[in-house]
Every structure is written in C-alpha cells, then in structure tokens.
file final.tsv (TSV, C-alpha atoms and all ligand atoms)
chain	number	residue	atom	x	y	z
U	1	MET	CA	0.00	0.00	0.00
U	2	GLY	CA	2.85	2.40	-0.85
U	3	SER	CA	2.34	5.78	-2.48
U	4	ASP	CA	2.42	4.24	-5.96
U	5	VAL	CA	-0.82	2.40	-5.13
U	6	LYS	CA	-2.59	5.66	-4.31
U	7	ASN	CA	-1.16	7.37	-7.39
U	8	LEU	CA	-2.21	4.47	-9.60
U	9	GLU	CA	-5.75	4.56	-8.19
U	10	THR	CA	-6.02	8.27	-8.96
U	11	ARG	CA	-4.79	7.73	-12.50
U	12	LEU	CA	-7.02	4.73	-13.16
U	13	ALA	CA	-10.11	6.54	-11.87
U	14	GLU	CA	-9.33	9.47	-14.16
U	15	GLN	CA	-8.76	7.24	-17.17
U	16	VAL	CA	-11.98	5.31	-16.63
U	17	GLY	CA	-13.94	8.44	-15.75
U	18	VAL	CA	-15.29	7.49	-12.32
U	19	ASN	CA	-14.88	9.11	-8.92
U	20	PHE	CA	-13.21	6.22	-7.10
U	21	CYS	CA	-10.81	3.40	-7.85
U	22	VAL	CA	-9.90	0.85	-5.15
U	23	THR	CA	-7.18	-1.62	-6.11
U	24	CYS	CA	-6.97	-5.12	-4.66
U	25	GLY	CA	-5.18	-8.45	-4.99
U	26	ASN	CA	-6.83	-9.80	-8.16
U	27	GLY	CA	-9.94	-9.67	-10.33
U	28	THR	CA	-11.74	-12.43	-8.43
U	29	ASP	CA	-11.36	-10.63	-5.11
U	30	ALA	CA	-12.54	-7.45	-6.82
U	31	LEU	CA	-15.85	-9.10	-7.70
U	32	ARG	CA	-16.26	-10.67	-4.26
U	33	LEU	CA	-15.42	-7.45	-2.42
U	34	VAL	CA	-18.12	-5.54	-4.28
U	35	LEU	CA	-20.70	-8.21	-3.48
U	36	GLN	CA	-19.62	-8.05	0.18
U	37	ALA	CA	-19.77	-4.25	0.21
U	38	TRP	CA	-23.31	-4.46	-1.19
U	39	GLN	CA	-24.17	-7.06	1.49
U	40	VAL	CA	-25.15	-9.68	-1.05
U	41	GLY	CA	-25.38	-13.11	0.57
U	42	PRO	CA	-27.48	-16.23	1.20
U	43	GLY	CA	-30.96	-16.02	-0.32
U	44	ASP	CA	-29.88	-13.52	-2.97
U	45	ALA	CA	-29.88	-14.25	-6.71
U	46	VAL	CA	-26.98	-12.93	-8.78
U	47	PHE	CA	-27.42	-13.24	-12.55
U	48	ILE	CA	-24.32	-14.19	-14.52
U	49	PRO	CA	-23.65	-15.22	-18.11
U	50	ASP	CA	-23.24	-18.93	-18.80
U	51	PHE	CA	-20.29	-18.26	-21.08
U	52	THR	CA	-17.53	-16.73	-18.93
U	53	PHE	CA	-14.45	-17.52	-16.87
U	54	PHE	CA	-15.26	-19.46	-13.70
U	55	ALA	CA	-14.29	-16.56	-11.38
U	56	THR	CA	-17.53	-14.71	-12.21
U	57	ALA	CA	-19.56	-17.56	-10.71
U	58	GLU	CA	-17.05	-18.32	-7.98
U	59	ALA	CA	-17.23	-14.84	-6.44
U	60	VAL	CA	-21.02	-15.18	-6.14
U	61	CYS	CA	-20.71	-18.53	-4.36
U	62	GLN	CA	-17.99	-17.18	-2.07
U	63	VAL	CA	-20.47	-14.73	-0.52
U	64	GLY	CA	-23.10	-17.46	-0.21
U	65	ALA	CA	-25.42	-16.04	-2.87
U	66	THR	CA	-26.87	-18.15	-5.70
U	67	PRO	CA	-25.56	-17.68	-9.23
U	68	VAL	CA	-28.48	-17.71	-11.67
U	69	ILE	CA	-27.18	-18.69	-15.06
U	70	VAL	CA	-28.26	-16.72	-18.12
U	71	ASP	CA	-27.66	-17.55	-21.79
U	72	VAL	CA	-25.59	-15.33	-24.08
U	73	GLY	CA	-25.87	-13.97	-27.62
U	74	ALA	CA	-24.12	-15.91	-30.38
U	75	ASP	CA	-22.66	-12.80	-32.03
U	76	SER	CA	-21.69	-10.87	-28.91
U	77	PHE	CA	-20.59	-13.83	-26.73
U	78	ASN	CA	-22.14	-11.74	-23.93
U	79	LEU	CA	-25.13	-11.87	-21.58
U	80	SER	CA	-28.38	-11.66	-23.51
U	81	ALA	CA	-30.81	-9.05	-22.19
U	82	ALA	CA	-33.82	-11.07	-23.36
U	83	SER	CA	-32.52	-14.15	-21.61
U	84	LEU	CA	-31.88	-12.08	-18.45
U	85	ALA	CA	-35.51	-10.90	-18.38
U	86	LEU	CA	-36.71	-14.49	-18.71
U	87	CYS	CA	-34.38	-15.74	-15.97
U	88	ILE	CA	-35.50	-13.02	-13.54
U	89	GLU	CA	-39.13	-14.03	-14.10
U	90	LYS	CA	-38.37	-17.72	-13.59
U	91	THR	CA	-36.35	-16.99	-10.46
U	92	LYS	CA	-39.30	-15.09	-8.97
U	93	GLN	CA	-41.76	-17.80	-9.92
U	94	GLU	CA	-39.78	-20.90	-9.10
U	95	THR	CA	-37.55	-19.97	-6.13
U	96	ASN	CA	-37.54	-17.95	-2.92
U	97	LEU	CA	-34.39	-16.14	-4.03
U	98	VAL	CA	-34.37	-12.34	-4.11
U	99	PRO	CA	-32.99	-10.92	-7.39
U	100	LYS	CA	-30.22	-8.49	-6.34
U	101	VAL	CA	-27.39	-8.13	-8.84
U	102	VAL	CA	-26.55	-8.81	-12.48
U	103	ILE	CA	-22.91	-9.30	-13.48
U	104	PRO	CA	-22.48	-8.64	-17.20
U	105	VAL	CA	-19.04	-9.74	-18.41
U	106	ASP	CA	-17.18	-7.88	-21.16
U	107	LEU	CA	-15.97	-11.15	-22.63
U	108	PHE	CA	-12.86	-11.10	-24.83
U	109	GLY	CA	-12.80	-7.33	-24.26
U	110	ARG	CA	-16.15	-6.72	-25.90
U	111	PRO	CA	-18.59	-4.58	-23.89
U	112	ALA	CA	-21.89	-6.29	-23.09
U	113	ASP	CA	-25.26	-4.85	-24.18
U	114	TYR	CA	-25.62	-2.24	-21.41
U	115	HIS	CA	-28.60	-0.53	-23.04
U	116	GLY	CA	-30.68	-3.70	-22.87
U	117	ILE	CA	-29.29	-4.84	-19.52
U	118	ARG	CA	-29.81	-1.47	-17.79
U	119	GLU	CA	-33.42	-1.29	-18.86
U	120	ILE	CA	-34.16	-4.67	-17.28
U	121	ALA	CA	-31.96	-4.08	-14.24
U	122	HIS	CA	-33.67	-0.76	-13.45
U	123	ARG	CA	-37.12	-2.28	-13.87
U	124	ASP	CA	-36.30	-5.07	-11.40
U	125	HIS	CA	-34.14	-2.97	-9.05
U	126	LEU	CA	-31.00	-4.99	-9.71
U	127	ARG	CA	-27.58	-3.50	-9.26
U	128	ILE	CA	-25.14	-3.91	-12.13
U	129	LEU	CA	-21.64	-5.18	-11.39
U	130	GLU	CA	-19.57	-5.00	-14.57
U	131	ASP	CA	-16.95	-7.75	-14.79
U	132	ALA	CA	-14.44	-5.99	-17.02
U	133	ALA	CA	-11.55	-8.32	-16.17
U	134	GLN	CA	-11.00	-8.65	-19.93
U	135	GLY	CA	-12.48	-5.29	-20.86
U	136	PHE	CA	-10.16	-2.58	-19.54
U	137	GLY	CA	-9.70	-0.14	-22.43
U	138	ALA	CA	-13.03	-0.92	-24.11
U	139	THR	CA	-15.67	1.75	-24.66
U	140	PHE	CA	-19.46	1.77	-24.93
U	141	GLY	CA	-21.06	5.01	-26.12
U	142	ASP	CA	-19.28	7.84	-24.33
U	143	SER	CA	-18.22	5.67	-21.40
U	144	SER	CA	-15.23	3.47	-20.67
U	145	ALA	CA	-15.43	-0.14	-19.60
U	146	CYS	CA	-15.37	-0.43	-15.79
U	147	ALA	CA	-17.72	2.59	-15.66
U	148	LEU	CA	-20.75	0.88	-17.18
U	149	GLY	CA	-22.42	-0.46	-14.04
U	150	ASP	CA	-23.01	0.63	-10.44
U	151	ALA	CA	-19.52	-0.76	-9.91
U	152	GLY	CA	-16.99	-2.28	-12.30
U	153	THR	CA	-14.04	-4.55	-11.70
U	154	THR	CA	-10.94	-5.46	-13.64
U	155	SER	CA	-7.94	-7.78	-13.39
U	156	PHE	CA	-4.27	-7.05	-14.02
U	157	PHE	CA	-3.34	-10.71	-14.51
U	158	PRO	CA	-0.70	-10.75	-17.27
U	159	ALA	CA	-3.04	-12.19	-19.92
U	160	LYS	CA	-5.50	-9.28	-19.60
U	161	PRO	CA	-5.32	-6.10	-21.72
U	162	LEU	CA	-3.56	-4.15	-18.93
U	163	GLY	CA	-1.40	-6.76	-17.24
U	164	CYS	CA	1.04	-6.45	-14.35
U	165	TYR	CA	3.81	-8.96	-13.57
U	166	GLY	CA	1.70	-11.12	-11.29
U	167	ASP	CA	-1.76	-10.76	-9.80
U	168	GLY	CA	-3.66	-7.52	-9.32
U	169	GLY	CA	-7.16	-6.12	-9.57
U	170	ALA	CA	-9.21	-2.96	-9.24
U	171	ILE	CA	-12.74	-1.80	-8.50
U	172	PHE	CA	-14.35	1.34	-9.94
U	173	THR	CA	-17.40	3.18	-8.66
U	174	ASP	CA	-18.91	6.64	-8.36
U	175	ASN	CA	-20.36	5.79	-4.95
U	176	GLU	CA	-18.27	7.22	-2.12
U	177	GLN	CA	-19.76	5.00	0.56
U	178	THR	CA	-19.12	1.84	-1.45
U	179	ALA	CA	-15.52	2.95	-2.09
U	180	SER	CA	-14.96	3.57	1.59
U	181	ILE	CA	-16.36	0.14	2.58
U	182	LEU	CA	-14.15	-1.47	-0.09
U	183	ARG	CA	-11.04	0.23	1.33
U	184	SER	CA	-11.92	-1.22	4.70
U	185	LEU	CA	-12.76	-4.72	3.40
U	186	ARG	CA	-9.48	-5.15	1.53
U	187	VAL	CA	-7.50	-4.64	4.76
U	188	HIS	CA	-9.27	-6.91	7.26
U	189	GLY	CA	-12.32	-4.69	7.65
U	190	LYS	CA	-10.24	-1.92	9.16
U	191	GLY	CA	-11.77	1.07	10.91
U	192	SER	CA	-9.44	3.90	11.91
U	193	ASP	CA	-6.46	1.56	11.37
U	194	LYS	CA	-5.87	-2.10	10.62
U	195	TYR	CA	-5.96	-3.07	14.31
U	196	ASP	CA	-9.39	-1.49	14.65
U	197	ASN	CA	-11.57	-4.08	12.90
U	198	ILE	CA	-15.15	-3.01	12.34
U	199	ARG	CA	-16.24	-5.68	9.84
U	200	ILE	CA	-15.04	-9.04	8.53
U	201	GLY	CA	-12.89	-8.32	5.51
U	202	THR	CA	-9.91	-10.00	3.94
U	203	ASN	CA	-6.31	-9.45	2.90
U	204	SER	CA	-6.42	-8.26	-0.70
U	205	ARG	CA	-3.91	-5.53	-1.38
U	206	LEU	CA	-2.23	-4.60	-4.65
U	207	ASP	CA	1.53	-4.79	-4.20
U	208	THR	CA	3.35	-1.49	-4.55
U	209	LEU	CA	5.70	-3.27	-6.94
U	210	GLN	CA	2.79	-4.15	-9.23
U	211	ALA	CA	1.39	-0.61	-8.97
U	212	ALA	CA	4.76	0.80	-10.09
U	213	ILE	CA	4.81	-1.57	-13.07
U	214	LEU	CA	1.23	-0.66	-13.98
U	215	MET	CA	2.09	3.07	-13.90
U	216	VAL	CA	4.75	2.49	-16.56
U	217	LYS	CA	2.50	0.25	-18.63
U	218	LEU	CA	-0.32	2.81	-18.47
U	219	ASP	CA	1.94	5.28	-20.30
U	220	ILE	CA	1.85	3.08	-23.40
U	221	PHE	CA	-1.62	1.66	-22.90
U	222	VAL	CA	-3.47	4.12	-25.15
U	223	VAL	CA	-1.04	3.40	-27.99
U	224	GLU	CA	-1.33	-0.35	-27.38
U	225	MET	CA	-5.12	-0.11	-27.50
U	226	GLU	CA	-4.93	1.67	-30.87
U	227	LYS	CA	-2.65	-1.09	-32.15
U	228	ARG	CA	-5.08	-3.73	-30.95
U	229	GLN	CA	-7.87	-2.06	-32.96
U	230	ALA	CA	-5.76	-1.99	-36.11
U	231	LEU	CA	-4.54	-5.59	-35.71
U	232	ALA	CA	-8.04	-6.92	-35.07
U	233	ALA	CA	-9.20	-5.21	-38.27
U	234	GLN	CA	-6.30	-6.79	-40.15
U	235	TYR	CA	-7.18	-10.24	-38.83
U	236	THR	CA	-10.81	-9.78	-39.85
U	237	LYS	CA	-9.76	-8.63	-43.32
U	238	ALA	CA	-7.42	-11.61	-43.74
U	239	LEU	CA	-9.88	-14.17	-42.37
U	240	SER	CA	-13.28	-13.06	-43.55
U	241	GLY	CA	-14.41	-15.16	-46.45
U	242	LEU	CA	-12.78	-18.33	-45.13
U	243	PRO	CA	-15.57	-20.90	-45.39
U	244	GLY	CA	-16.95	-22.14	-42.07
U	245	LEU	CA	-15.19	-19.56	-39.88
U	246	LYS	CA	-16.90	-16.54	-38.36
U	247	CYS	CA	-14.81	-13.57	-37.23
U	248	PRO	CA	-15.89	-11.44	-34.25
U	249	ASP	CA	-18.64	-8.98	-35.17
U	250	ARG	CA	-17.98	-5.26	-35.33
U	251	ILE	CA	-19.38	-3.33	-32.38
U	252	GLN	CA	-21.87	-0.56	-32.92
U	253	ASN	CA	-21.35	2.41	-30.67
U	254	GLY	CA	-18.13	1.35	-28.96
U	255	ARG	CA	-14.96	-0.67	-29.20
U	256	SER	CA	-13.58	-3.91	-27.85
U	257	ALA	CA	-10.39	-4.00	-25.79
U	258	TRP	CA	-9.50	-7.10	-27.83
U	259	ALA	CA	-8.30	-9.19	-24.92
U	260	GLN	CA	-8.76	-12.12	-27.30
U	261	TYR	CA	-9.48	-12.57	-30.98
U	262	THR	CA	-12.01	-15.40	-30.98
U	263	ILE	CA	-13.26	-17.23	-34.05
U	264	THR	CA	-16.44	-19.32	-34.20
U	265	ALA	CA	-16.13	-22.40	-36.42
U	266	GLU	CA	-19.29	-23.86	-37.93
U	267	SER	CA	-18.60	-27.24	-36.30
U	268	THR	CA	-16.49	-28.80	-33.56
U	269	GLU	CA	-14.81	-30.90	-36.20
U	270	LEU	CA	-13.73	-27.80	-38.14
U	271	ARG	CA	-12.47	-26.17	-34.94
U	272	ASN	CA	-10.37	-29.24	-34.20
U	273	ARG	CA	-8.97	-29.25	-37.71
U	274	CYS	CA	-8.02	-25.54	-37.46
U	275	MET	CA	-6.40	-25.91	-34.05
U	276	LYS	CA	-4.46	-28.98	-35.19
U	277	SER	CA	-3.11	-27.16	-38.25
U	278	LEU	CA	-2.11	-24.18	-36.14
U	279	ALA	CA	-0.32	-26.44	-33.63
U	280	GLU	CA	1.53	-28.21	-36.46
U	281	ASN	CA	2.81	-24.81	-37.53
U	282	ASP	CA	3.87	-23.85	-33.97
U	283	ILE	CA	1.05	-21.31	-33.67
U	284	PRO	CA	-0.71	-21.48	-30.32
U	285	SER	CA	-4.48	-21.37	-30.07
U	286	ILE	CA	-6.77	-21.98	-27.13
U	287	ILE	CA	-10.42	-22.56	-26.29
U	288	TYR	CA	-12.02	-19.96	-24.06
U	289	TYR	CA	-14.19	-21.63	-22.75
U	290	ARG	CA	-14.71	-25.33	-23.24
U	291	THR	CA	-17.15	-25.77	-20.32
U	292	PRO	CA	-20.01	-23.33	-19.78
U	293	MET	CA	-21.02	-22.51	-16.20
U	294	HIS	CA	-24.17	-24.66	-16.32
U	295	ALA	CA	-21.95	-27.71	-16.87
U	296	GLN	CA	-19.23	-26.91	-14.30
U	297	PRO	CA	-19.07	-29.69	-11.69
U	298	ALA	CA	-18.42	-27.26	-8.81
U	299	LEU	CA	-21.63	-25.34	-9.55
U	300	LYS	CA	-23.87	-28.37	-9.87
U	301	ASP	CA	-25.56	-27.93	-6.48
U	302	LEU	CA	-24.97	-24.19	-6.11
U	303	ALA	CA	-26.29	-22.56	-9.26
U	304	PHE	CA	-29.84	-22.08	-10.51
U	305	VAL	CA	-30.23	-22.68	-14.25
U	306	PRO	CA	-33.76	-21.49	-15.14
U	307	ILE	CA	-33.51	-21.86	-18.93
U	308	ARG	CA	-31.55	-23.94	-21.40
U	309	CYS	CA	-28.33	-22.24	-22.41
U	310	ASP	CA	-28.18	-23.47	-25.99
U	311	THR	CA	-26.18	-20.56	-27.38
U	312	SER	CA	-23.51	-20.82	-24.75
U	313	LYS	CA	-23.26	-24.56	-25.37
U	314	TYR	CA	-23.03	-23.91	-29.12
U	315	LEU	CA	-20.17	-21.46	-28.60
U	316	SER	CA	-18.26	-23.66	-26.16
U	317	GLU	CA	-18.25	-26.39	-28.80
U	318	ARG	CA	-17.03	-24.16	-31.64
U	319	VAL	CA	-14.89	-21.19	-30.54
U	320	PHE	CA	-11.13	-20.88	-30.49
U	321	SER	CA	-8.84	-17.91	-29.89
U	322	ILE	CA	-5.77	-17.18	-32.02
U	323	PRO	CA	-2.60	-15.30	-30.98
U	324	PHE	CA	-3.35	-11.69	-30.14
U	325	HIS	CA	-1.30	-8.89	-28.58
U	326	PRO	CA	-0.31	-5.34	-29.61
U	327	TYR	CA	3.08	-6.42	-30.95
U	328	LEU	CA	1.91	-8.75	-33.69
U	329	ASP	CA	2.92	-7.61	-37.17
U	330	GLU	CA	1.43	-7.94	-40.64
U	331	GLU	CA	3.57	-11.01	-41.32
U	332	ASP	CA	2.32	-12.83	-38.19
U	333	ILE	CA	-1.25	-12.18	-39.23
U	334	GLN	CA	-0.67	-13.40	-42.79
U	335	ARG	CA	0.97	-16.57	-41.45
U	336	VAL	CA	-1.96	-17.39	-39.17
U	337	ALA	CA	-4.39	-16.61	-41.97
U	338	SER	CA	-2.65	-18.85	-44.50
U	339	VAL	CA	-2.55	-21.80	-42.07
U	340	LEU	CA	-6.28	-21.37	-41.42
U	341	GLN	CA	-6.94	-20.99	-45.15
U	342	ASN	CA	-5.29	-24.38	-45.76
U	343	ALA	CA	-7.12	-25.95	-42.83
U	344	VAL	CA	-10.57	-25.00	-44.10
U	345	SER	CA	-10.08	-25.69	-47.79
W	401	LIG	C1	-9.54	-13.23	-15.37
W	401	LIG	C2	-10.96	-13.06	-15.07
W	401	LIG	C3	-11.42	-12.90	-13.76
W	401	LIG	C4	-10.57	-13.05	-12.55
W	401	LIG	O1	-9.42	-12.27	-12.52
W	401	LIG	P1	-8.16	-12.78	-11.66
W	401	LIG	O2	-7.31	-11.56	-11.56
W	401	LIG	O3	-7.51	-13.87	-12.44
W	401	LIG	O4	-8.65	-13.23	-10.34
W	401	LIG	C5	-12.78	-12.67	-13.56
W	401	LIG	N1	-13.64	-12.63	-14.59
W	401	LIG	C6	-13.23	-12.79	-15.87
W	401	LIG	C7	-14.23	-12.70	-16.97
W	401	LIG	C8	-11.88	-13.03	-16.16
W	401	LIG	O5	-11.49	-13.21	-17.42
call {"tool": "encode", "arguments": {"input": "final.tsv", "output": "structure tokens", "more": "lines below"}}
Ligand SMILES: *Cc1c(COP(=O)(O)O)cnc(C)c1O
result
Amino acid sequence: MGSDVKNLETRLAEQVGVNFCVTCGNGTDALRLVLQAWQVGPGDAVFIPDFTFFATAEAVCQVGATPVIVDVGADSFNLSAASLALCIEKTKQETNLVPKVVIPVDLFGRPADYHGIREIAHRDHLRILEDAAQGFGATFGDSSACALGDAGTTSFFPAKPLGCYGDGGAIFTDNEQTASILRSLRVHGKGSDKYDNIRIGTNSRLDTLQAAILMVKLDIFVVEMEKRQALAAQYTKALSGLPGLKCPDRIQNGRSAWAQYTITAESTELRNRCMKSLAENDIPSIIYYRTPMHAQPALKDLAFVPIRCDTSKYLSERVFSIPFHPYLDEEDIQRVASVLQNAVS
C-alpha cells in the first residue's frame, strides 16, 4: 500500500472516468469485495452469463449467494438481455431467491449490451456489477469499460489487456460509501487503522511493486489499445471469407479491448482441424471456454439454471482464440491466416 498504489488509483479513476478506484489483490477478489460491500449473501440471486471464466460464478458462491445462469448472444458472446428478463421471471416464480445483482461480463474485451441490460436491471431494481476483467480499455457510447455499471471490476493478470507482472485487480465506482467500505474490506475490515476491525474483511492488497509496473505500462496503454484495434481489423480482413469460420462482429457504438481474438467455427470438427493445423505450424491457439457454467461440476448444487443455455453450449463447442497482442505484425497475421486458409479448404 505504498504511495504508488494511491497514485495508480487516482490515475485509473481518471482514465476510466469514475470518482473512485480501489485496487486489490486480483480480479476475483474485486468481484467478491463488491458483493460483500453491497451485502449480497445467502438467499440472494446474482445473474451471470453462462459463457464466462469461472471466477464470475465463484465470487457469487464465495459470498453465499446463488448464481443464476443466463444464456448469451451468439454474435456478442455476452449476456443476452432477453434471456436475463426471462431468468428473472423464472427466479421469482420458481424460487424464494431475491434478485439483487446482475454481473455482465465484457468477454474477450467486448462490452456487453448495457442498453438492454440497464433497462431490465432498473425495472427489477438490480444492481449492475460490470466484470471488465477482460475489458479494460473498451468503450461503450461515451463511457469506458469499468464505468458501465453501479460498480466495475478489472484484473491485471498478465493475460489481460492491462497486465502487471503477477496478480492484481481494481474496482471502480462513483459511490463514495461503497468505495470507503471497499477500502476497509481489503484490509481486514479496518476502521481507523488495521488493528481497529469493524467488519469481517480479507487481505487483498495490490503490491506497490505491481502498482509501479502498472504506472509504466499505463503510459503506453493508449497506444497499445490503438494497435489492438488496427490488428483486429487486419485479422478480420485476412480471415473473412474463409468458409466455415466466423470472425468477431464489429461493435456498434463502442470498441472492444481485444483481450482475445475469438473465431467461431461452424462445427467442432472444423475447430479441431483448425487448431491442429495451427499447432503443427507452432502457432498457439486456445479454447475460451470449453465448459459453460451450467456444466461446471463445482456449480452443480450451487447454481440455478432457469432456462436452457443453448447458445452458450453452441459457442463452447465451436470457438477458439488465435494469438493476439499489440506487438503482432502484418507477417504474423498473414501466417496465421494462411494456415487457417489451408485448414478449411
Ligand atoms: C480473469 C478473469 C477474472 C478473474 O481475474 P483474476 O485476476 O484472475 O482473479 C474474472 N472474470 C473474468 C471474466 C476473467 O477473465
């Protein structure tokens, strides 16, 4: 908690355009701390997308609330507003759970549909917790990712758009009271100091070392984000037209942070063929995510799955992500494209 941590928080809050930034140990803690600050717990329903990294669901279970699993859109990969509305209704009809929070995830860096989600959230008095672990640097309308809900969280794990050299996370909010509770929770529920403990918190600090690294990386972040936009466009140009492969859709009214460049193959068989060809040419590729939340063994007895999540299942059987970072060059992109071209033809 050295001075670099404070300076970083000030800078991050400015960049995102919110009043308060509270850093913490990682992106999973960030989610859990917000739920704790909002006093979400047993008996509460928290709506999450089926197609996400496990941490989104895990944080909900850690506070004793019930994750309610919502299907996603095939083109956005993100929480579907229509599916959310349906799941809220079913939760009210079929359970005693109280709908409290929705956690849209900006998957692969792509902002979720906040217009649709806000409308439903406001109607049903749900708070919005934006999981922007992959979305730092994205925009939606005039706003930045992390500023799109009542609170937003991000992760500085090295694989994320703004990565440190280990674990780190941050929470963003305009609410002063929430920020002040979060500052207490991350240091053992401290009151006037850390030996005055006024609530049960945890130990989740961002290391000063990581804050110092993030300060340097923030200097080049805007340039890196521009490069990501250009490289994603180059990939799409090189890959569109390949039979059986669908490139990520363009976003209306915003931009992706391009944490990943994720292709949807028309079949599992075609995905396997593409990934095998890439591997044979020493090009890494990976499946984010092979198992949707509704099929995760750990959530079997903990989650409520009100509707079938067919789209999420469809995606988990067909997507794969190809190499992506701001320092790719034209030649890298052409090489990946030509291997995929051969694989599909
Ligand atoms: C990485 C990630 C997290 C968790 O972040 P950590 O810093 O690894 O704890 C949460 N949600 C999503 C969507 C993520 O991708």
call {"tool": "atom_distance", "arguments": {"input": "final.tsv", "atom1": "CA of Cys21 (chain U)", "atom2": "CA of Glu9 (chain U)"}}
result
5.2 Å
call {"tool": "residues_around", "arguments": {"input": "final.tsv", "residues": "Arg273 (chain U)", "least_positions_apart": "6", "cutoff": "12 Å", "atoms": "all atoms listed in the file", "output": "PyMOL selection string"}}
result
chain U and resi 244-245+265-267+279-280+285+318+320+339-345
call {"tool": "residues_near_ligand", "arguments": {"input": "final.tsv", "ligand": "ligand LIG 401 (chain W)", "cutoff": "7 Å", "atoms": "all atoms listed in the file", "output": "MDAnalysis selection string"}}
result
chainID U and resid 26:29 52:53 55:56 105 107 131:134 155:157 167:169
call {"tool": "atom_distance", "arguments": {"input": "final.tsv", "atom1": "CA of Glu331 (chain U)", "atom2": "CA of Ala257 (chain U)"}}
result
22.0 Å
call {"tool": "closest_residue", "arguments": {"input": "final.tsv", "among": "U:Val305, U:Ala138, U:Leu209, U:Leu328", "to": "Gly109 (chain U)", "atoms": "all atoms listed in the file"}}
result
U:Ala138
call {"tool": "closest_residue", "arguments": {"input": "final.tsv", "among": "U:Leu35, U:Lys300, U:Ala145, U:Tyr261", "to": "Cys247 (chain U)", "atoms": "only C-alpha atoms"}}
result
U:Tyr261
call {"tool": "atom_distance", "arguments": {"input": "final.tsv", "atom1": "CA of Gly166 (chain U)", "atom2": "CA of Met1 (chain U)"}}
result
15.9 Å
call {"tool": "residues_around", "arguments": {"input": "final.tsv", "residues": "Ile307 (chain U)", "least_positions_apart": "3", "cutoff": "12 Å", "atoms": "all atoms listed in the file", "output": "list of chain:residue names"}}
result
U:Pro49, U:Asp50, U:Val68, U:Ile69, U:Val70, U:Asp71, U:Val72, U:Ala82, U:Ser83, U:Leu84, U:Ala85, U:Leu86, U:Cys87, U:Ile88, U:Glu89, U:Lys90, U:Thr91, U:Glu94, U:His294, U:Phe304, U:Asp310, U:Thr311, U:Ser312
call {"tool": "build_atoms", "arguments": {"input": "final.tsv", "residues": "region 301-307 of chain U", "atoms": "all heavy atoms", "output": "tab-separated table (two decimals), in the frame of the given file"}}
result
chain	number	residue	atom	x	y	z
U	301	ASP	N	-24.56	-28.08	-7.54
U	301	ASP	CA	-25.56	-27.93	-6.48
U	301	ASP	C	-25.72	-26.49	-6.01
U	301	ASP	O	-26.48	-26.22	-5.09
U	301	ASP	CB	-25.17	-28.82	-5.28
U	301	ASP	CG	-25.09	-30.28	-5.69
U	301	ASP	OD1	-25.95	-30.72	-6.49
U	301	ASP	OD2	-24.17	-30.97	-5.22
U	302	LEU	N	-24.98	-25.57	-6.62
U	302	LEU	CA	-24.97	-24.19	-6.11
U	302	LEU	C	-25.70	-23.22	-7.02
U	302	LEU	O	-26.21	-22.20	-6.57
U	302	LEU	CB	-23.52	-23.72	-5.91
U	302	LEU	CG	-22.71	-24.48	-4.86
U	302	LEU	CD1	-21.27	-23.97	-4.84
U	302	LEU	CD2	-23.35	-24.34	-3.48
U	303	ALA	N	-25.72	-23.52	-8.31
U	303	ALA	CA	-26.29	-22.56	-9.26
U	303	ALA	C	-27.73	-22.90	-9.59
U	303	ALA	O	-28.15	-24.04	-9.48
U	303	ALA	CB	-25.45	-22.54	-10.54
U	304	PHE	N	-28.49	-21.88	-10.00
U	304	PHE	CA	-29.84	-22.08	-10.51
U	304	PHE	C	-29.79	-21.82	-12.02
U	304	PHE	O	-29.31	-20.77	-12.46
U	304	PHE	CB	-30.83	-21.15	-9.80
U	304	PHE	CG	-32.23	-21.23	-10.33
U	304	PHE	CD1	-32.87	-22.45	-10.49
U	304	PHE	CD2	-32.94	-20.06	-10.64
U	304	PHE	CE1	-34.17	-22.53	-10.98
U	304	PHE	CE2	-34.24	-20.13	-11.12
U	304	PHE	CZ	-34.86	-21.37	-11.28
U	305	VAL	N	-30.27	-22.79	-12.79
U	305	VAL	CA	-30.23	-22.68	-14.25
U	305	VAL	C	-31.67	-22.70	-14.75
U	305	VAL	O	-32.23	-23.76	-15.03
U	305	VAL	CB	-29.43	-23.84	-14.88
U	305	VAL	CG1	-29.22	-23.60	-16.38
U	305	VAL	CG2	-28.08	-24.01	-14.18
U	306	PRO	N	-32.33	-21.51	-14.84
U	306	PRO	CA	-33.76	-21.49	-15.14
U	306	PRO	C	-34.10	-21.85	-16.58
U	306	PRO	O	-35.20	-22.31	-16.85
U	306	PRO	CB	-34.18	-20.04	-14.86
U	306	PRO	CG	-32.96	-19.31	-14.48
U	306	PRO	CD	-31.77	-20.18	-14.61
U	307	ILE	N	-33.18	-21.58	-17.52
U	307	ILE	CA	-33.51	-21.86	-18.93
U	307	ILE	C	-32.36	-22.64	-19.55
U	307	ILE	O	-31.25	-22.66	-19.01
U	307	ILE	CB	-33.75	-20.57	-19.74
U	307	ILE	CG1	-32.49	-19.68	-19.72
U	307	ILE	CG2	-34.95	-19.80	-19.22
U	307	ILE	CD1	-32.54	-18.54	-20.71
